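Shown below: start-v9.txt, with compact mmCIF, C-alpha atoms.
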# COMPACT_ATOMS: atom_id res chain seq x y z
CA MET A 1 -143.00 -82.16 25.26
CA THR A 2 -143.04 -84.77 28.03
CA ILE A 3 -142.74 -84.37 31.79
CA LYS A 4 -139.13 -84.28 32.89
CA VAL A 5 -138.25 -85.81 36.25
CA SER A 6 -134.99 -85.23 38.10
CA ARG A 7 -133.92 -86.58 41.50
CA LEU A 8 -132.31 -83.93 43.67
CA LYS A 9 -131.89 -86.06 46.81
CA PRO A 10 -132.50 -89.73 47.72
CA ASN A 11 -134.47 -91.07 50.69
CA THR A 12 -132.64 -90.77 53.98
CA HIS A 13 -134.95 -91.64 56.93
CA GLU A 14 -137.67 -94.31 56.95
CA GLY A 15 -138.58 -93.75 53.31
CA SER A 16 -138.56 -89.95 53.63
CA GLY A 17 -136.17 -87.15 52.72
CA ARG A 18 -136.30 -87.64 48.94
CA VAL A 19 -136.53 -84.55 46.75
CA ARG A 20 -137.63 -84.74 43.10
CA ARG A 21 -138.44 -82.11 40.51
CA PHE A 22 -141.07 -82.36 37.76
CA SER A 23 -141.45 -79.97 34.83
CA VAL A 24 -144.94 -79.39 33.39
CA PRO A 25 -144.97 -79.59 29.56
CA ASP A 26 -145.28 -76.33 27.58
CA THR A 27 -145.26 -74.17 30.72
CA ASP A 28 -142.71 -72.55 33.00
CA ILE A 29 -144.13 -74.48 35.98
CA ARG A 30 -141.75 -76.58 38.04
CA VAL A 31 -142.92 -78.84 40.87
CA THR A 32 -140.56 -79.98 43.62
CA GLN A 33 -141.72 -82.98 45.64
CA ILE A 34 -140.32 -83.09 49.20
CA SER A 35 -141.01 -86.31 51.11
CA THR A 36 -141.36 -85.89 54.88
CA PHE A 37 -141.57 -88.43 57.68
CA CYS A 38 -144.79 -90.09 58.79
CA PRO A 39 -144.71 -93.60 60.33
CA ASP A 40 -146.15 -96.24 58.01
CA ILE A 41 -146.53 -98.70 60.87
CA ILE A 42 -149.69 -96.90 61.99
CA GLY A 43 -149.92 -94.02 59.53
CA PRO A 44 -150.07 -93.71 55.73
CA GLY A 45 -146.31 -93.36 55.32
CA PRO A 46 -144.23 -90.34 54.28
CA VAL A 47 -146.14 -87.17 53.37
CA HIS A 48 -145.19 -85.46 50.11
CA ILE A 49 -145.07 -81.66 50.21
CA TYR A 50 -145.08 -79.86 46.86
CA LEU A 51 -143.42 -76.58 45.94
CA ILE A 52 -144.98 -75.08 42.78
CA GLU A 53 -143.12 -72.29 41.06
CA ASN A 54 -143.83 -70.20 37.97
CA ARG A 55 -143.59 -66.54 37.02
CA ASP A 56 -146.80 -65.62 38.85
CA ALA A 57 -146.40 -67.33 42.24
CA LEU A 58 -144.44 -69.54 44.62
CA ILE A 59 -146.86 -71.98 46.25
CA LEU A 60 -146.49 -74.69 48.87
CA LEU A 61 -149.08 -77.49 48.81
CA ASP A 62 -149.48 -79.16 52.24
CA THR A 63 -147.02 -79.11 55.12
CA GLY A 64 -146.70 -82.54 56.69
CA LEU A 65 -146.59 -82.67 60.48
CA PRO A 66 -143.94 -82.11 63.17
CA THR A 67 -141.87 -85.27 63.68
CA GLY A 68 -141.88 -85.18 67.49
CA LEU A 69 -145.64 -84.74 67.59
CA ALA A 70 -146.11 -87.50 65.01
CA LYS A 71 -144.14 -89.98 67.11
CA ALA A 72 -145.86 -89.08 70.37
CA MET A 73 -149.37 -88.87 68.95
CA PHE A 74 -149.41 -92.04 66.91
CA TYR A 75 -147.71 -94.29 69.43
CA THR A 76 -149.51 -92.90 72.48
CA TRP A 77 -152.78 -93.50 70.69
CA ARG A 78 -151.87 -97.14 70.08
CA ARG A 79 -150.31 -97.51 73.53
CA ALA A 80 -147.27 -99.06 71.91
CA PRO A 81 -143.59 -98.35 72.53
CA ILE A 82 -141.82 -96.32 69.88
CA PRO A 83 -139.35 -98.53 67.97
CA PRO A 84 -135.76 -97.47 68.78
CA ASP A 85 -134.93 -96.44 65.20
CA LEU A 86 -137.94 -94.10 65.13
CA ALA A 87 -137.34 -92.78 68.65
CA ALA A 88 -133.84 -91.79 67.55
CA LEU A 89 -135.15 -89.53 64.75
CA PRO A 90 -134.73 -85.79 65.48
CA ASP A 91 -137.96 -84.17 66.61
CA ASP A 92 -137.44 -81.47 63.98
CA LEU A 93 -136.66 -83.94 61.17
CA ASN A 94 -139.59 -82.90 58.98
CA GLU A 95 -138.76 -79.22 59.23
CA GLN A 96 -135.16 -80.06 58.29
CA GLN A 97 -136.40 -82.10 55.33
CA LEU A 98 -138.59 -79.23 54.15
CA VAL A 99 -135.74 -76.73 54.50
CA ASP A 100 -133.40 -79.04 52.58
CA GLY A 101 -135.92 -79.57 49.80
CA LEU A 102 -136.59 -75.87 49.42
CA ARG A 103 -132.86 -75.14 49.40
CA LEU A 104 -132.31 -77.65 46.59
CA ALA A 105 -135.07 -75.88 44.64
CA GLY A 106 -133.35 -72.54 45.26
CA TYR A 107 -135.66 -71.17 47.96
CA SER A 108 -136.21 -70.87 51.70
CA ILE A 109 -139.33 -70.99 53.88
CA GLU A 110 -139.29 -67.18 54.02
CA ASP A 111 -139.85 -67.03 50.24
CA ILE A 112 -143.24 -68.77 50.34
CA ARG A 113 -146.24 -66.50 49.94
CA ILE A 114 -149.10 -68.97 49.38
CA LEU A 115 -149.80 -72.18 51.30
CA ILE A 116 -152.60 -74.37 49.92
CA LEU A 117 -153.94 -77.35 51.88
CA SER A 118 -155.24 -80.30 49.88
CA HIS A 119 -157.61 -81.24 52.72
CA GLY A 120 -158.18 -80.99 56.45
CA HIS A 121 -156.47 -84.12 57.79
CA ILE A 122 -153.79 -83.44 60.35
CA ASP A 123 -150.89 -85.05 58.47
CA HIS A 124 -151.35 -82.37 55.80
CA PHE A 125 -151.39 -79.16 57.85
CA LEU A 126 -149.97 -79.59 61.36
CA MET A 127 -146.54 -78.19 60.46
CA GLY A 128 -148.26 -75.12 59.00
CA ARG A 129 -147.91 -73.03 62.16
CA GLN A 130 -144.13 -73.50 62.16
CA ILE A 131 -143.96 -72.43 58.52
CA ALA A 132 -146.29 -69.47 59.06
CA ARG A 133 -144.05 -68.15 61.86
CA LYS A 134 -141.20 -67.77 59.37
CA ALA A 135 -143.01 -66.62 56.22
CA GLU A 136 -145.51 -63.90 55.40
CA LEU A 137 -147.94 -66.19 53.67
CA ARG A 138 -151.64 -66.61 53.06
CA VAL A 139 -153.29 -69.98 53.68
CA MET A 140 -155.89 -71.37 51.28
CA ALA A 141 -158.17 -74.39 51.77
CA HIS A 142 -161.62 -75.47 50.68
CA ILE A 143 -164.37 -74.04 52.88
CA MET A 144 -165.74 -77.54 53.62
CA ASP A 145 -162.56 -78.55 55.48
CA THR A 146 -161.83 -75.32 57.34
CA PRO A 147 -163.52 -76.44 60.62
CA GLU A 148 -160.88 -79.18 61.00
CA ILE A 149 -158.02 -76.86 60.02
CA CYS A 150 -158.88 -73.68 61.93
CA ASN A 151 -160.12 -75.09 65.25
CA PRO A 152 -157.45 -76.46 67.63
CA TRP A 153 -160.16 -78.68 69.08
CA GLY A 154 -161.15 -79.96 65.62
CA PRO A 155 -159.52 -83.40 66.02
CA LEU A 156 -161.18 -83.85 69.43
CA ARG A 157 -164.54 -82.68 68.06
CA GLY A 158 -164.23 -85.17 65.21
CA TRP A 159 -163.37 -87.98 67.59
CA LEU A 160 -166.24 -87.22 69.97
CA ALA A 161 -168.65 -87.11 67.02
CA LYS A 162 -167.43 -90.55 65.95
CA ARG A 163 -167.13 -92.16 69.36
CA GLN A 164 -170.78 -93.14 69.76
CA LEU A 165 -170.91 -94.17 66.12
CA LEU A 166 -167.93 -96.48 66.58
CA ARG A 167 -169.57 -98.03 69.62
CA GLY A 168 -172.59 -98.77 67.45
CA THR A 169 -170.35 -100.60 64.97
CA GLY A 170 -168.97 -102.88 67.68
CA THR A 171 -165.43 -101.46 67.47
CA PRO A 172 -163.39 -102.11 70.66
CA ARG A 173 -162.79 -99.11 72.88
CA PRO A 174 -159.44 -97.31 72.56
CA PRO A 175 -156.70 -98.40 74.98
CA ILE A 176 -156.44 -94.83 76.31
CA PRO A 177 -159.53 -92.58 76.32
CA ILE A 178 -158.95 -89.62 74.02
CA GLU A 179 -159.93 -87.26 76.83
CA ASN A 180 -157.02 -88.53 78.93
CA ILE A 181 -154.60 -87.72 76.11
CA VAL A 182 -156.07 -84.31 75.42
CA GLN A 183 -155.98 -83.29 79.09
CA LYS A 184 -152.18 -83.68 78.99
CA LEU A 185 -151.80 -81.61 75.81
CA ASP A 186 -152.14 -77.93 75.08
CA LEU A 187 -153.50 -78.29 71.56
CA GLU A 188 -153.28 -74.58 70.87
CA SER A 189 -149.58 -74.32 71.71
CA LEU A 190 -148.83 -77.55 69.86
CA GLY A 191 -150.23 -76.02 66.69
CA PHE A 192 -153.42 -78.01 66.16
CA ALA A 193 -154.90 -75.12 64.21
CA LEU A 194 -153.98 -72.94 61.29
CA ARG A 195 -155.78 -69.81 60.16
CA VAL A 196 -157.24 -70.05 56.65
CA ASP A 197 -156.97 -66.61 55.07
CA ILE A 198 -158.60 -67.41 51.73
CA PRO A 199 -161.31 -70.09 51.70
CA ILE A 200 -161.89 -71.82 48.37
CA PHE A 201 -165.55 -72.04 47.42
CA GLU A 202 -165.54 -73.37 43.86
CA GLU A 203 -163.46 -74.82 41.07
CA GLY A 204 -161.67 -72.69 38.55
CA PRO A 205 -158.42 -70.80 38.03
CA LEU A 206 -156.29 -70.39 41.12
CA LEU A 207 -156.46 -66.76 42.20
CA ALA A 208 -153.62 -64.81 43.84
CA ASP A 209 -154.32 -61.19 44.76
CA GLY A 210 -157.52 -61.45 42.74
CA SER A 211 -155.73 -62.43 39.52
CA PRO A 212 -155.56 -65.93 37.98
CA VAL A 213 -152.26 -67.77 38.37
CA LYS A 214 -151.19 -68.85 34.91
CA ASP A 215 -151.82 -72.52 34.03
CA ILE A 216 -153.02 -73.58 37.52
CA GLU A 217 -156.62 -74.65 38.16
CA VAL A 218 -158.34 -75.76 41.38
CA LYS A 219 -160.39 -78.98 41.21
CA HIS A 220 -162.84 -79.95 43.96
CA LEU A 221 -162.39 -83.71 44.48
CA PRO A 222 -164.51 -84.66 47.52
CA GLY A 223 -165.08 -88.10 48.96
CA HIS A 224 -161.93 -88.66 51.01
CA SER A 225 -162.93 -85.50 52.86
CA PRO A 226 -165.68 -82.99 52.02
CA GLY A 227 -163.16 -80.32 51.04
CA SER A 228 -160.50 -82.35 49.25
CA ILE A 229 -159.03 -80.43 46.34
CA GLY A 230 -156.45 -80.98 43.63
CA LEU A 231 -154.36 -78.58 41.60
CA MET A 232 -154.36 -79.11 37.82
CA LEU A 233 -151.16 -77.80 36.25
CA GLY A 234 -150.80 -77.22 32.53
CA LYS A 235 -152.13 -75.47 29.46
CA ASN A 236 -155.66 -75.98 28.17
CA GLY A 237 -155.55 -78.52 25.40
CA GLY A 238 -152.25 -79.97 26.57
CA LYS A 239 -151.14 -82.73 28.91
CA LYS A 240 -151.45 -81.84 32.60
CA VAL A 241 -150.11 -82.76 36.00
CA LEU A 242 -152.62 -83.25 38.84
CA LEU A 243 -151.53 -82.72 42.43
CA CYS A 244 -154.24 -84.87 43.97
CA GLY A 245 -153.72 -84.99 47.76
CA ASP A 246 -155.18 -88.25 49.11
CA VAL A 247 -157.88 -88.63 46.44
CA LEU A 248 -155.72 -91.00 44.39
CA LEU A 249 -152.99 -93.02 46.10
CA HIS A 250 -150.69 -95.85 45.04
CA PRO A 251 -150.11 -98.51 46.28
CA ILE A 252 -152.45 -97.90 49.24
CA THR A 253 -156.11 -96.99 48.74
CA PRO A 254 -157.73 -93.87 50.24
CA ILE A 255 -160.34 -94.28 52.97
CA PRO A 256 -163.56 -92.66 51.76
CA ASP A 257 -165.36 -90.25 54.03
CA ASN A 258 -168.44 -90.75 51.84
CA LEU A 259 -168.25 -93.62 49.34
CA LEU A 260 -171.01 -92.29 47.09
CA ILE A 261 -169.26 -88.94 46.70
CA TYR A 262 -165.89 -90.64 46.30
CA LEU A 263 -167.14 -92.90 43.51
CA ARG A 264 -168.55 -89.83 41.77
CA THR A 265 -165.14 -88.16 42.03
CA LEU A 266 -163.55 -91.25 40.46
CA GLU A 267 -166.01 -90.96 37.57
CA THR A 268 -164.99 -87.30 37.17
CA LEU A 269 -161.30 -88.23 37.07
CA LYS A 270 -161.96 -91.05 34.60
CA ALA A 271 -163.48 -88.51 32.22
CA GLN A 272 -160.47 -86.17 32.60
CA THR A 273 -158.38 -87.59 29.76
CA ASP A 274 -155.70 -84.89 29.71
CA ILE A 275 -153.92 -85.90 32.95
CA GLU A 276 -150.50 -87.34 32.12
CA LEU A 277 -149.33 -87.65 35.72
CA ALA A 278 -150.95 -87.53 39.16
CA LEU A 279 -148.73 -86.70 42.12
CA PRO A 280 -150.33 -87.86 45.39
CA ALA A 281 -149.64 -86.90 49.00
CA HIS A 282 -148.40 -90.40 49.87
CA GLY A 283 -146.80 -93.22 47.94
CA LYS A 284 -145.83 -93.46 44.30
CA ALA A 285 -146.42 -91.15 41.36
CA ILE A 286 -149.33 -92.29 39.19
CA TRP A 287 -148.49 -92.28 35.47
CA ASN A 288 -151.66 -94.11 34.40
CA VAL A 289 -154.49 -92.20 36.06
CA SER A 290 -157.25 -93.95 34.12
CA GLY A 291 -155.83 -97.34 35.09
CA ARG A 292 -155.57 -96.35 38.74
CA VAL A 293 -159.16 -95.09 38.73
CA ASP A 294 -160.29 -98.41 37.23
CA PHE A 295 -158.36 -100.29 39.93
CA LEU A 296 -159.99 -98.24 42.69
CA LYS A 297 -163.45 -98.83 41.23
CA ARG A 298 -162.80 -102.59 41.12
CA HIS A 299 -161.40 -102.42 44.66
CA HIS A 300 -164.55 -100.81 46.04
CA LYS A 301 -166.82 -103.13 44.07
CA GLN A 302 -165.05 -106.12 45.61
CA ARG A 303 -165.27 -104.61 49.08
CA LEU A 304 -168.97 -103.86 48.59
CA ARG A 305 -169.46 -107.48 47.50
CA MET A 306 -167.64 -108.80 50.58
CA THR A 307 -169.66 -106.49 52.83
CA TYR A 308 -172.94 -107.58 51.27
CA ARG A 309 -172.13 -111.29 51.49
CA ALA A 310 -170.95 -110.96 55.09
CA CYS A 311 -174.50 -109.94 55.98
CA ARG A 312 -176.25 -113.12 54.81
CA LYS A 313 -176.74 -113.52 58.52
CA PRO A 314 -176.92 -110.46 60.80
CA ALA A 315 -173.43 -108.98 61.24
CA SER A 316 -171.97 -105.87 62.85
CA VAL A 317 -169.70 -103.44 61.04
CA TRP A 318 -166.77 -104.58 63.17
CA GLU A 319 -167.43 -108.23 62.33
CA ILE A 320 -167.29 -107.22 58.65
CA ALA A 321 -164.05 -105.26 59.12
CA THR A 322 -162.33 -108.23 60.76
CA ILE A 323 -163.21 -110.81 58.09
CA ARG A 324 -160.05 -112.51 56.89
CA GLY A 325 -159.10 -110.98 53.55
CA TYR A 326 -161.27 -107.87 53.90
CA PHE A 327 -158.05 -105.87 54.31
CA HIS A 328 -154.60 -106.77 53.00
CA THR A 329 -153.26 -106.67 56.55
CA GLU A 330 -154.91 -108.45 59.46
CA VAL A 331 -157.29 -106.45 61.63
CA LYS A 332 -157.36 -108.06 65.07
CA PRO A 333 -160.89 -108.27 66.51
CA SER A 334 -159.72 -107.34 70.02
CA GLU A 335 -157.72 -104.22 69.04
CA PHE A 336 -159.00 -100.66 68.56
CA ASN A 337 -158.75 -99.74 64.87
CA PRO A 338 -160.99 -96.79 63.92
CA LEU A 339 -159.65 -96.59 60.35
CA ALA A 340 -160.69 -100.17 59.63
CA ALA A 341 -164.11 -99.55 61.15
CA SER A 342 -164.57 -96.35 59.14
CA GLU A 343 -163.66 -98.11 55.89
CA ALA A 344 -166.15 -100.92 56.49
CA LEU A 345 -168.82 -98.44 57.62
CA ALA A 346 -168.49 -96.43 54.39
CA HIS A 347 -169.35 -99.57 52.42
CA VAL A 348 -172.21 -100.44 54.76
CA GLU A 349 -173.64 -96.94 54.31
CA MET A 350 -173.44 -97.24 50.53
CA LEU A 351 -175.35 -100.54 50.58
CA MET A 352 -177.98 -99.09 52.92
CA MET A 353 -178.47 -96.15 50.53
CA VAL A 354 -179.74 -98.58 47.86
CA ASP A 355 -181.77 -100.69 50.32
CA ALA A 356 -179.46 -103.70 50.03
CA LEU A 357 -178.76 -103.79 53.79
CA SER A 358 -181.10 -103.09 56.68
CA ARG A 359 -180.81 -103.22 60.43
CA ASN A 360 -181.92 -106.59 61.78
CA HIS A 361 -181.54 -105.83 65.49
CA ILE A 362 -179.49 -103.96 68.11
CA ARG A 363 -177.75 -105.85 70.89
CA GLN A 364 -175.87 -104.08 73.70
CA GLY A 365 -175.81 -100.93 71.61
CA VAL A 366 -174.29 -102.63 68.55
CA HIS A 367 -176.23 -102.62 65.26
CA TYR A 368 -176.51 -105.86 63.27
CA LEU A 369 -177.25 -105.71 59.57
CA GLN A 370 -178.70 -108.22 57.11
CA ASN A 371 -178.72 -108.18 53.34
CA SER A 372 -181.77 -108.26 51.08
CA GLY A 373 -180.97 -111.63 49.52
CA GLU A 374 -180.76 -110.24 45.97
CA PRO A 375 -177.96 -111.09 43.55
CA PHE A 376 -175.08 -108.72 44.23
CA GLU A 377 -174.86 -107.60 40.59
CA ASP A 378 -178.43 -106.23 40.85
CA VAL A 379 -177.40 -104.30 43.96
CA TYR A 380 -174.26 -102.98 42.30
CA GLY A 381 -176.29 -101.86 39.30
CA ARG A 382 -178.39 -99.67 41.60
CA ILE A 383 -175.23 -98.29 43.21
CA MET A 384 -173.74 -97.30 39.85
CA ASN A 385 -177.05 -95.73 38.75
CA LEU A 386 -176.93 -93.59 41.90
CA VAL A 387 -173.27 -92.73 41.34
CA ARG A 388 -173.98 -91.53 37.77
CA ASP A 389 -177.16 -89.64 38.66
CA ARG A 390 -175.59 -86.41 39.90
CA GLU A 391 -179.01 -84.80 40.35
CA THR A 392 -180.06 -87.28 43.03
CA SER A 393 -178.53 -87.88 46.44
CA PRO A 394 -179.99 -89.59 49.52
CA ILE A 395 -181.39 -87.06 51.95
CA VAL A 396 -179.91 -89.05 54.84
CA LYS A 397 -176.30 -90.30 55.06
CA TYR A 398 -176.82 -93.63 56.82

Show the structure stored in the file as C-alpha cells.
Amino acid sequence: MTIKVSRLKPNTHEGSGRVRRFSVPDTDIRVTQISTFCPDIIGPGPVHIYLIENRDALILLDTGLPTGLAKAMFYTWRRAPIPPDLAALPDDLNEQQLVDGLRLAGYSIEDIRILILSHGHIDHFLMGRQIARKAELRVMAHIMDTPEICNPWGPLRGWLAKRQLLRGTGTPRPPIPIENIVQKLDLESLGFALRVDIPIFEEGPLLADGSPVKDIEVKHLPGHSPGSIGLMLGKNGGKKVLLCGDVLLHPITPIPDNLLIYLRTLETLKAQTDIELALPAHGKAIWNVSGRVDFLKRHHKQRLRMTYRACRKPASVWEIATIRGYFHTEVKPSEFNPLAASEALAHVEMLMMVDALSRNHIRQGVHYLQNSGEPFEDVYGRIMNLVRDRETSPIVKY
C-alpha cells in the first residue's frame, strides 16, 4: 500500500487554512494536517497542527499560536507597522482554523485527550491553554524542553540568557528592550505557559495510560532544540510516516540550537531507510527524506566553509552573519536580527569545537575570531569525525 493524500480544504488566509488527510500504509492510522496562521515576513510561516487518529487514541501534535498574539508580538518586536491585510485577520483566526480542521476530520476540540508538543518553541504550544480549557487532555513533551513550555517567564528567561551573548557577537541592540515589552504584558494571563502532565524521557512506543499506542513510536531528534521529538507512524518492517516538527523543513532550513547534535540527528535520519514521508511543522511535505537530509548536510557544510573563510582576518559573528550570500535573504548590518546571529553563532561554535577558529581579541565587548589557516576540507574532516563519534562530545559548548 502507498500513502493516500486527500485535500479537505484549500488555503484561505496568508497561506494557512488548508486541511489535508494522510493515511498510513497497512494501519488504521489517519493523520489530518491543519495549517494555521503565522506571519512569514518575520516568522517561519504557517504552523501545521496534526490530528492523529487510530483505534487506541486521538492525539493532537502541536497547537500553533493565537493569531492576535502572533501579530502583536512579532510586529512589536520588530517595531514595524502591521500590514493592513494582516491587521484585518480575526484575532481568533487560528482557533477557527483548528476547529474547522477538526470538524472536517469528524471531531471537535472536546474530543482530544492527548496533546503532544514536538518541541518548546512558542509557535508550537502557545494556543495550548485555549485548547486545554475546552478539552480534558493530558500534555506530553520531552523533559528537555519543559522549562520553556511550563514557565510563563520561559521566553524572557531565554532572552535574558542570550542577551549578553548576542552583545558579544556584535549584534545590534533590539529597537525596543524586551523588558519594556514584558512590563506591558501579563504573560500568565496571555497563556505563555502550559502544564506538561507526562514528560517524555526516552524513545520508544508512545504510551497512553501506561499502554503502548499501536503503531506509534516516539523518536528523540535533538539539535533544533534539546527536546525536539518526532512521531514515527507505521508498522515495523513497513513504510512509515514521520511527523518531524522543525527537525526537517522544506524549503526553509531549521536553525540549529546545537549544530553538532543536529548533524548527529541528520545522520540518524539518514540511516532510517523506512520513512516514506516526513510531515514537518512548517512548509512542504518531504517525500524524499534521504535527499532532504543530504541537502541539509551540504547546506551546513557550505555555511561552515563560508564561516571559516570569513575569519581569514579577525571577524565578529555579526560580521559573518551579514556577509552577502550567507543567507538567501539580506541581513542588514544595522538591524536587530537574533535568528541570523544565532545561526552564524552555531557554525562558529562548531568550528571552535575542532580548533579551527579561536578568539583573536575582544573590542568593546565584541569577540573577534580568526581561523587556523588549514585547508577547509581538513577542518571538515575533523567535524565529521566528531559527528560520527557518538561516544565523544566536547565538555564545553563554545

- [ ] Would you mind listing what lies within 8 Å of region 215-231 of chain A as a PyMOL selection string, with only C-alpha atoms counted and same-chain residues fewer than 2 positions away left out?
- [x] chain A and resi 27+118-120+141-145+202-206+213+233-236+242-247+254-263+265

- [ ] To one decimal in Å, tell me the separation between CA of Arg113 (chain A) and CA of Ala57 (chain A).
- [x]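 Interatomic distance, CA of Arg113 (chain A) to CA of Ala57 (chain A): 7.7 Å.
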
Open item on the list: I'd like the neighbourhood of region 363-375 of chain A as a PyMOL selection string, where a residue qualifies if any of its atoms comes within 8 Å (using all atoms listed in the file), though same-chain residues fewer than 3 positions away should be ignored.
Closed with: chain A and resi 167-170+308-309+311-317+355-360+378-379

Open item on the list: Measuring between only C-alpha atoms, which one of A:Asp28, A:Asp389, A:Asp123, A:Asp100 shows the shortest distance to Ile52 (chain A)?
Closed with: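 Closest to Ile52 (chain A), using only C-alpha atoms: A:Asp28.
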
TODO: Find the distance between CA of Ser342 (chain A) and CA of Leu166 (chain A) and write it in Å to one decimal.
DONE: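 It comes out at 8.2 Å.
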
TODO: Rank nothing, just name the residue among A:Gly291, A:Pro199, A:Gly210, A:Pro172 nearest to Ser334 (chain A), using only C-alpha atoms.
DONE: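 Among A:Gly291, A:Pro199, A:Gly210, A:Pro172, it is A:Pro172 that comes nearest to Ser334 (chain A).
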
When you look at region 12-16 of chain A with a cut-off of 9 Å (counting only C-alpha atoms), what residues show up, excluding the ones that are within fewer than 6 positions of it in the same chain? I need them as a PDB file with C-alpha atoms, keeping the file's coordinate frame.
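Output file around-v1.pdb follows:
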ATOM      1  CA  ILE A  34    -140.320 -83.090  49.200  1.00  0.00           C
ATOM      2  CA  SER A  35    -141.010 -86.310  51.110  1.00  0.00           C
ATOM      3  CA  THR A  36    -141.360 -85.890  54.880  1.00  0.00           C
ATOM      4  CA  PHE A  37    -141.570 -88.430  57.680  1.00  0.00           C
ATOM      5  CA  CYS A  38    -144.790 -90.090  58.790  1.00  0.00           C
ATOM      6  CA  PRO A  39    -144.710 -93.600  60.330  1.00  0.00           C
ATOM      7  CA  ASP A  40    -146.150 -96.240  58.010  1.00  0.00           C
ATOM      8  CA  GLY A  45    -146.310 -93.360  55.320  1.00  0.00           C
ATOM      9  CA  PRO A  46    -144.230 -90.340  54.280  1.00  0.00           C
ATOM     10  CA  VAL A  47    -146.140 -87.170  53.370  1.00  0.00           C
ATOM     11  CA  HIS A  48    -145.190 -85.460  50.110  1.00  0.00           C
ATOM     12  CA  ASP A  85    -134.930 -96.440  65.200  1.00  0.00           C
ATOM     13  CA  LEU A  86    -137.940 -94.100  65.130  1.00  0.00           C
ATOM     14  CA  LEU A  89    -135.150 -89.530  64.750  1.00  0.00           C
ATOM     15  CA  LEU A  93    -136.660 -83.940  61.170  1.00  0.00           C
ATOM     16  CA  ASN A  94    -139.590 -82.900  58.980  1.00  0.00           C
ATOM     17  CA  GLN A  97    -136.400 -82.100  55.330  1.00  0.00           C
TER      18      GLN A  97
END

TODO: Tell me, in Å to one decimal, how far CA of Leu248 (chain A) is from CA of Pro280 (chain A).
DONE: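 Computing it gives 6.3 Å between the two atoms.
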
Open item on the list: My list of candidates is A:Ala161, A:Arg305, A:Glu343, A:Ala285. Which is closest to Val5 (chain A) when distances are computed with all atoms listed in the file?
Closed with: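 Checking each of A:Ala161, A:Arg305, A:Glu343, A:Ala285 against Val5 (chain A), counting all atoms listed in the file, the winner is A:Ala285.
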
- [ ] Give the answer as one residue: which of A:Leu61, A:Met232, A:Ala281, A:Ala105 has the shortest atom-to-atom distance to His250 (chain A), using all atoms listed in the file?
- [x] A:Ala281

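Nearest residue to Val24 (chain A), choosing from A:Glu95, A:Glu349, A:Asp209, A:Glu276 and counting all atoms listed in the file: A:Glu276.
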
Which polymer residues have any atom within 9 Å of an atom of Leu345 (chain A), counting all atoms listed in the file, with same-chain residues fewer than 5 positions away left out, as an mmCIF file with C-alpha atoms, in the frame of the given file?
data_model
loop_
_atom_site.group_PDB
_atom_site.id
_atom_site.type_symbol
_atom_site.label_atom_id
_atom_site.label_comp_id
_atom_site.auth_asym_id
_atom_site.auth_seq_id
_atom_site.Cartn_x
_atom_site.Cartn_y
_atom_site.Cartn_z
ATOM 1 C CA THR A 169 -170.350 -100.600 64.970
ATOM 2 C CA VAL A 317 -169.700 -103.440 61.040
ATOM 3 C CA TRP A 318 -166.770 -104.580 63.170
ATOM 4 C CA ILE A 320 -167.290 -107.220 58.650
ATOM 5 C CA ALA A 321 -164.050 -105.260 59.120
ATOM 6 C CA ALA A 340 -160.690 -100.170 59.630
ATOM 7 C CA MET A 350 -173.440 -97.240 50.530
#

Save region 27-38 of chain A of the structure in the block above to a file, with C-alpha atoms included, as a CSV table (one decimal), in the first residue's frame.
chain,number,residue,atom,x,y,z
A,27,THR,CA,-2.5,0.6,9.6
A,28,ASP,CA,-5.8,2.2,10.7
A,29,ILE,CA,-3.9,5.5,11.4
A,30,ARG,CA,-5.1,8.7,9.7
A,31,VAL,CA,-3.3,12.0,10.0
A,32,THR,CA,-5.1,15.3,9.4
A,33,GLN,CA,-2.8,18.3,8.7
A,34,ILE,CA,-4.3,21.6,9.7
A,35,SER,CA,-2.4,24.7,8.6
A,36,THR,CA,-2.6,27.7,10.9
A,37,PHE,CA,-1.5,31.3,10.5
A,38,CYS,CA,2.0,32.5,11.4
